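Q: Below is a structure I'd like to ask you about.
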Amino acid sequence: MAMDRRVFLVLLLAGCADTSPQGPLTAISPPPSPAPKPQTPVAPAPTPQTPVPAGELAFDTWMQDFRGRALAAGLSPALLDRELSGVIPDPKVISLDSRQPEFSKPVGDYIRGVISDDRVAIGRNKREQLPFLPPIEAQYGVPRDILLAVWAMESAFGQLQGNFDVVRSMVSLAADGRRRAWAEGELIAALKIIDSGEVTRAQLKGSWAGAMGQTQFIPSSYRATAVDFDGDGRRDIWGSDADALASAANLLAHGGWKRNVGWAKEVILPPGFDYSVTEGPREIPAWWEARGVRRADGLPWTAQDAASPAMLILPAGAAGPAFLALPNHFAIRTYNNSTSYALGIGLLADRFAGGGPLVTPWPVETPLSMSDRMAAQIALARVGFNPGPADGVIGAGTRRALRAWQQSQQLPADGYLSNDMVARLKAQAGITP
Ligand code: CA
């Protein structure tokens, strides 16, 4: 999503709390909502003649209130009448939004799904054939392989863009209220796009969550960072491949993409390595090399990468591949603030560019259930390592608590919640399986 520097930094911090891999997340996705929000208080209706269902009443109340906020945001009564009269919430959107997957997908499974042979072949073909890739790369400094990876992940190279009416999706999400402020902002942005005449209501199509076109931009991202690259005067992220990929490049550039710097390199850690520095300091590669960390491919660092701060990440724990995440890893996360997503984009891009598989393979794991994830958090708190709320989301707080507990047990402090760690924690805290 397009965001200014300030929001980006806030998200970077929040990004450390990003979720464990839970399967492909919606691109430029709405912020994960916190606790279930309170329902909008509904004023008692003055004894209606015909009873009105509470849901409809709440919707009408919200619509009335929203109208005031939309007018204040500069939209005209005529536009609001035209675009919002008769719009009702889409139950499909609400049900998709409240989905709670029982099992979290292990990161290795997620990455294996991202890097299919078919997808790699299509990307390698496109990188040689699309004439607009070199000029986009030159203008924005984002490598074509990263853009192709975004394109592949967001819409299967433009094939799966979504056919939901974005205005209705945003009305549904805003009225539902779970993340009202965000959805109302996007609804106002969508209405402003229509108002500008750049895109018609009929053309404003997207995913159920309002991510639009080949690059799955939410309306505010479209307004802020979409560009017309093919020169026809329209920013057409739906129908123009060049516009779509240049818009993605522009979004990444706004997210802090650094020209000629890498996104991450796979590394090998020495025996006896102190894993507690995982997700810790951001230091230049020489600092890591002094601690025995070396590149898995044995190649030297470029001058730009050698001067860049890098953070050690172990997405699947000590049993899986290790990476030094370079600054552009964090730029990718402006698209979707998830370590797994950024890894998927980066690793797919590396393959498009001709790279081979990782040196250390992803471990094969059984997915953790929601109840196991919550039990591990409860156990951590019980044995004195506060992980934050027991919500089943393995974020930065849980990983930090887990590392501290692992250190206290003389276990490799990789902060990774494996099935083995769940079993040990439950046993220690006296939680019966
Ligand atoms: Ca255009």
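Here's how to read the names in the structure tokens: chain A, B, ... by the order shown, residue numbers from 1 in each chain, ligand numbers from 1 in the order shown.
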Give the strand (DSSP E or B) residues of range 193-430 of chain A, as DSSP finds them on the backbone, and put them as a PDB file with N, CA, C and O atoms, in the first residue's frame.
A:
ATOM      1  N   LYS A 205     -12.598  -2.861 -10.487  1.00  0.00           N
ATOM      2  CA  LYS A 205     -12.785  -4.233 -10.022  1.00  0.00           C
ATOM      3  C   LYS A 205     -11.537  -4.701  -9.261  1.00  0.00           C
ATOM      4  O   LYS A 205     -10.421  -4.253  -9.542  1.00  0.00           O
ATOM      5  N   GLY A 206     -11.741  -5.629  -8.328  1.00  0.00           N
ATOM      6  CA  GLY A 206     -10.593  -6.122  -7.575  1.00  0.00           C
ATOM      7  C   GLY A 206     -10.904  -7.390  -6.813  1.00  0.00           C
ATOM      8  O   GLY A 206     -11.921  -8.041  -7.035  1.00  0.00           O
ATOM      9  N   MET A 212      -6.697  -4.175  -6.394  1.00  0.00           N
ATOM     10  CA  MET A 212      -7.137  -4.011  -7.776  1.00  0.00           C
ATOM     11  C   MET A 212      -6.039  -4.272  -8.815  1.00  0.00           C
ATOM     12  O   MET A 212      -4.880  -3.909  -8.638  1.00  0.00           O
ATOM     13  N   PHE A 217      -3.366  -3.299  -6.269  1.00  0.00           N
ATOM     14  CA  PHE A 217      -3.258  -2.073  -5.479  1.00  0.00           C
ATOM     15  C   PHE A 217      -4.591  -1.785  -4.794  1.00  0.00           C
ATOM     16  O   PHE A 217      -5.633  -1.853  -5.430  1.00  0.00           O
ATOM     17  N   ALA A 264      18.224 -10.093   0.039  1.00  0.00           N
ATOM     18  CA  ALA A 264      18.683 -11.025   1.087  1.00  0.00           C
ATOM     19  C   ALA A 264      19.646 -12.001   0.427  1.00  0.00           C
ATOM     20  O   ALA A 264      19.615 -12.198  -0.792  1.00  0.00           O
ATOM     21  N   LYS A 265      20.526 -12.592   1.230  1.00  0.00           N
ATOM     22  CA  LYS A 265      21.395 -13.670   0.739  1.00  0.00           C
ATOM     23  C   LYS A 265      21.296 -14.832   1.714  1.00  0.00           C
ATOM     24  O   LYS A 265      21.306 -14.627   2.941  1.00  0.00           O
ATOM     25  N   GLU A 266      21.232 -16.020   1.140  1.00  0.00           N
ATOM     26  CA  GLU A 266      21.263 -17.202   2.001  1.00  0.00           C
ATOM     27  C   GLU A 266      22.655 -17.310   2.616  1.00  0.00           C
ATOM     28  O   GLU A 266      23.665 -17.070   1.941  1.00  0.00           O
ATOM     29  N   VAL A 267      22.709 -17.659   3.890  1.00  0.00           N
ATOM     30  CA  VAL A 267      23.996 -17.797   4.577  1.00  0.00           C
ATOM     31  C   VAL A 267      24.060 -19.134   5.322  1.00  0.00           C
ATOM     32  O   VAL A 267      23.028 -19.771   5.572  1.00  0.00           O
ATOM     33  N   ILE A 268      25.287 -19.536   5.631  1.00  0.00           N
ATOM     34  CA  ILE A 268      25.529 -20.734   6.436  1.00  0.00           C
ATOM     35  C   ILE A 268      26.082 -20.262   7.778  1.00  0.00           C
ATOM     36  O   ILE A 268      26.975 -19.409   7.816  1.00  0.00           O
ATOM     37  N   ARG A 282      21.061  -5.089  13.108  1.00  0.00           N
ATOM     38  CA  ARG A 282      21.265  -4.888  11.665  1.00  0.00           C
ATOM     39  C   ARG A 282      22.686  -4.378  11.490  1.00  0.00           C
ATOM     40  O   ARG A 282      23.000  -3.245  11.848  1.00  0.00           O
ATOM     41  N   GLU A 283      23.528  -5.286  10.985  1.00  0.00           N
ATOM     42  CA  GLU A 283      24.964  -4.991  10.868  1.00  0.00           C
ATOM     43  C   GLU A 283      25.430  -5.320   9.455  1.00  0.00           C
ATOM     44  O   GLU A 283      24.812  -6.135   8.770  1.00  0.00           O
ATOM     45  N   ARG A 294      28.761 -17.134   6.682  1.00  0.00           N
ATOM     46  CA  ARG A 294      29.268 -16.956   5.321  1.00  0.00           C
ATOM     47  C   ARG A 294      28.167 -17.209   4.301  1.00  0.00           C
ATOM     48  O   ARG A 294      27.180 -17.874   4.593  1.00  0.00           O
ATOM     49  N   ARG A 295      28.372 -16.632   3.137  1.00  0.00           N
ATOM     50  CA  ARG A 295      27.362 -16.786   2.084  1.00  0.00           C
ATOM     51  C   ARG A 295      27.285 -18.234   1.630  1.00  0.00           C
ATOM     52  O   ARG A 295      28.300 -18.895   1.417  1.00  0.00           O
ATOM     53  N   ALA A 310      22.394  -5.555   7.604  1.00  0.00           N
ATOM     54  CA  ALA A 310      21.662  -6.790   7.317  1.00  0.00           C
ATOM     55  C   ALA A 310      21.228  -7.441   8.617  1.00  0.00           C
ATOM     56  O   ALA A 310      21.959  -7.444   9.611  1.00  0.00           O
ATOM     57  N   MET A 311      20.028  -8.013   8.577  1.00  0.00           N
ATOM     58  CA  MET A 311      19.473  -8.678   9.765  1.00  0.00           C
ATOM     59  C   MET A 311      19.399 -10.176   9.503  1.00  0.00           C
ATOM     60  O   MET A 311      18.976 -10.594   8.429  1.00  0.00           O
ATOM     61  N   LEU A 312      19.798 -10.960  10.488  1.00  0.00           N
ATOM     62  CA  LEU A 312      19.726 -12.418  10.334  1.00  0.00           C
ATOM     63  C   LEU A 312      18.286 -12.885  10.551  1.00  0.00           C
ATOM     64  O   LEU A 312      17.669 -12.554  11.564  1.00  0.00           O
ATOM     65  N   ILE A 313      17.760 -13.629   9.579  1.00  0.00           N
ATOM     66  CA  ILE A 313      16.436 -14.232   9.789  1.00  0.00           C
ATOM     67  C   ILE A 313      16.520 -15.740   9.553  1.00  0.00           C
ATOM     68  O   ILE A 313      17.243 -16.215   8.683  1.00  0.00           O
ATOM     69  N   ALA A 322      19.084 -20.080   6.486  1.00  0.00           N
ATOM     70  CA  ALA A 322      19.275 -18.792   7.155  1.00  0.00           C
ATOM     71  C   ALA A 322      19.541 -17.733   6.094  1.00  0.00           C
ATOM     72  O   ALA A 322      20.093 -18.034   5.032  1.00  0.00           O
ATOM     73  N   PHE A 323      19.127 -16.505   6.381  1.00  0.00           N
ATOM     74  CA  PHE A 323      19.318 -15.412   5.427  1.00  0.00           C
ATOM     75  C   PHE A 323      19.815 -14.176   6.149  1.00  0.00           C
ATOM     76  O   PHE A 323      19.416 -13.912   7.289  1.00  0.00           O
ATOM     77  N   LEU A 324      20.670 -13.411   5.456  1.00  0.00           N
ATOM     78  CA  LEU A 324      20.914 -12.045   5.899  1.00  0.00           C
ATOM     79  C   LEU A 324      19.989 -11.164   5.066  1.00  0.00           C
ATOM     80  O   LEU A 324      20.126 -11.084   3.836  1.00  0.00           O
ATOM     81  N   ALA A 325      19.021 -10.556   5.741  1.00  0.00           N
ATOM     82  CA  ALA A 325      18.043  -9.708   5.054  1.00  0.00           C
ATOM     83  C   ALA A 325      18.633  -8.316   4.868  1.00  0.00           C
ATOM     84  O   ALA A 325      18.991  -7.647   5.832  1.00  0.00           O
ATOM     85  N   LEU A 368       1.125 -26.360  12.530  1.00  0.00           N
ATOM     86  CA  LEU A 368       0.692 -26.230  13.928  1.00  0.00           C
ATOM     87  C   LEU A 368      -0.764 -25.791  13.961  1.00  0.00           C
ATOM     88  O   LEU A 368      -1.161 -24.882  13.238  1.00  0.00           O
ATOM     89  N   SER A 369      -1.531 -26.409  14.846  1.00  0.00           N
ATOM     90  CA  SER A 369      -2.934 -26.005  14.971  1.00  0.00           C
ATOM     91  C   SER A 369      -3.021 -24.740  15.811  1.00  0.00           C
ATOM     92  O   SER A 369      -2.109 -24.395  16.559  1.00  0.00           O
TER      93      SER A 369
END
Q: Kindly provide, as a PyMOL selection string, all nucleotide and amino acid residues lying within 7 Å of ligand 1, counting only C-alpha atoms and all ligand atoms.
A: chain A and resi 228-236+240+243
Q: As a ChimeraX atom specification, which residues of range 105-245 of chain A does DSSP assign to helix (DSSP H, G or I)?
A: /A:107-114,117-129,133-140,144-155,166-176,180-196,219-225,241-245
Q: Could you state the separation of CA of Ile345 in chain A and CA of Ile146 in chain A in Å, given to one decimal place?
A: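 Spanning CA of Ile345 in chain A to CA of Ile146 in chain A is a straight-line distance of 6.6 Å.
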Q: Excluding Tyr222 in chain A and its own-chain neighbours fewer than 3 positions away, which residues fall within 9 Å of it when counting only C-alpha atoms? Please give them as a list of chain:residue names.
A: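 That gives A:Met1, A:Ala2, A:Ala189, A:Ile193, A:Met212, A:Phe217, A:Ile218, A:Pro219, A:Thr225, A:Ala226, A:Val227, A:Arg235, A:Ile237, A:Ser247.
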Q: Just the selected residues (N, CA and C atoms), exported as a compact mmCIF listing (two decimals), in the first residue's frame, please.
A:
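Output file out29.txt is given in full below:
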# COMPACT_ATOMS: atom_id res chain seq x y z
N MET A 1 0.84 -1.17 0.00
CA MET A 1 0.00 0.00 0.00
C MET A 1 0.88 1.22 0.00
N ALA A 2 0.42 2.21 -0.63
CA ALA A 2 1.21 3.42 -0.68
C ALA A 2 1.20 4.04 0.70
N ALA A 189 -11.18 6.74 -1.05
CA ALA A 189 -10.19 6.76 -2.15
C ALA A 189 -10.81 6.19 -3.43
N ILE A 193 -11.40 8.11 -7.03
CA ILE A 193 -10.91 7.64 -8.34
C ILE A 193 -12.03 7.75 -9.37
N MET A 212 -6.70 -4.18 -6.39
CA MET A 212 -7.14 -4.01 -7.78
C MET A 212 -6.04 -4.27 -8.82
N PHE A 217 -3.37 -3.30 -6.27
CA PHE A 217 -3.26 -2.07 -5.48
C PHE A 217 -4.59 -1.78 -4.79
N ILE A 218 -4.54 -1.40 -3.53
CA ILE A 218 -5.75 -0.88 -2.90
C ILE A 218 -5.94 0.55 -3.43
N PRO A 219 -7.17 1.09 -3.33
CA PRO A 219 -7.45 2.39 -3.95
C PRO A 219 -6.47 3.51 -3.55
N THR A 225 0.45 6.08 -6.06
CA THR A 225 1.66 5.59 -6.74
C THR A 225 1.46 4.94 -8.11
N ALA A 226 0.23 4.76 -8.57
CA ALA A 226 0.08 4.18 -9.91
C ALA A 226 0.59 5.19 -10.95
N VAL A 227 1.18 4.67 -12.02
CA VAL A 227 1.71 5.56 -13.06
C VAL A 227 1.26 5.09 -14.45
N ARG A 235 -3.72 5.64 -16.15
CA ARG A 235 -2.99 4.72 -15.29
C ARG A 235 -3.80 3.44 -15.23
N ILE A 237 -3.81 -0.09 -14.45
CA ILE A 237 -3.16 -1.26 -13.83
C ILE A 237 -3.95 -2.54 -14.09
N SER A 247 3.94 0.77 -12.06
CA SER A 247 3.28 1.20 -10.82
C SER A 247 3.83 0.42 -9.63
Q: Go through A:Arg99, A:Arg144, A:Lys126, A:Arg180 one by one, measure the shortest atom-to-atom distance of each to Trp62 in chain A using only C-alpha atoms, and give the residue with the smallest value.
A: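 That would be A:Arg180, the residue with the smallest distance to Trp62 in chain A.
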Q: Could you give me, as JSON lines, every range 195-229 of chain A residue with an atom at most 9 Å from range 158-170 of chain A, plus its closest atom pair and distance in Å to one decimal, counting only C-alpha atoms, rows ordered by chain then number?
A:
{"residue": "A:Arg201", "atom": "CA", "partner": "A:Asp165", "partner_atom": "CA", "distance": 7.9}
{"residue": "A:Ala202", "atom": "CA", "partner": "A:Asp165", "partner_atom": "CA", "distance": 7.6}
{"residue": "A:Gln203", "atom": "CA", "partner": "A:Asp165", "partner_atom": "CA", "distance": 8.6}
{"residue": "A:Leu204", "atom": "CA", "partner": "A:Val166", "partner_atom": "CA", "distance": 6.0}
{"residue": "A:Lys205", "atom": "CA", "partner": "A:Asp165", "partner_atom": "CA", "distance": 5.0}
{"residue": "A:Gly206", "atom": "CA", "partner": "A:Gly162", "partner_atom": "CA", "distance": 4.5}
{"residue": "A:Ser207", "atom": "CA", "partner": "A:Gly162", "partner_atom": "CA", "distance": 4.3}
{"residue": "A:Trp208", "atom": "CA", "partner": "A:Phe164", "partner_atom": "CA", "distance": 5.7}
{"residue": "A:Ala209", "atom": "CA", "partner": "A:Ser169", "partner_atom": "CA", "distance": 6.3}
{"residue": "A:Gly210", "atom": "CA", "partner": "A:Val166", "partner_atom": "CA", "distance": 5.0}
{"residue": "A:Ala211", "atom": "CA", "partner": "A:Val166", "partner_atom": "CA", "distance": 7.9}
{"residue": "A:Met212", "atom": "CA", "partner": "A:Gln161", "partner_atom": "CA", "distance": 6.7}
{"residue": "A:Gly213", "atom": "CA", "partner": "A:Gln161", "partner_atom": "CA", "distance": 5.2}
{"residue": "A:Gln214", "atom": "CA", "partner": "A:Gly158", "partner_atom": "CA", "distance": 4.6}
{"residue": "A:Thr215", "atom": "CA", "partner": "A:Gly158", "partner_atom": "CA", "distance": 7.7}
{"residue": "A:Gln216", "atom": "CA", "partner": "A:Gln161", "partner_atom": "CA", "distance": 7.1}
{"residue": "A:Pro219", "atom": "CA", "partner": "A:Val166", "partner_atom": "CA", "distance": 8.6}
Q: Would you mind telling me which residue in A:Gly355, A:Pro106, A:Ala253, A:Pro387 lies nearest to Gly141 in chain A when using only C-alpha atoms?
A: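 With only C-alpha atoms as the atom set, the closest residue is A:Ala253.
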Q: To one decimal place, how far is CA of Asp350 in chain A from CA of Ala121 in chain A in Å?
A: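 A separation of 12.6 Å between them.
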Q: Might you pull out every residue within 8 Å of Val359 in chain A, with only C-alpha atoms counted and same-chain residues fewer than 4 positions away left off, and present them as a VMD selection string?
A: chain A and resid 266 296 to 297 321
Q: Taking only C-alpha atoms into account, name the residue in A:Arg119, A:Glu102, A:Asp176, A:Tyr140 that is nearest to Pro89 in chain A.
A: A:Asp176
Q: Which polymer residues have any atom within 12 Å of an atom of Gly292 in chain A, counting only C-alpha atoms, with same-chain residues fewer than 4 positions away left out, as a ChimeraX atom specification?
A: /A:267-274,285-288
Q: With a distance cut-off of 9 Å and only C-alpha atoms, select the neighbouring residues of Val114 in chain A, excluding the residue or stretch itself and same-chain residues fewer than 6 positions from it, and output the selection as JSON, numbers by chain.
A: {"A": [24, 152, 153, 344, 345, 347, 348]}
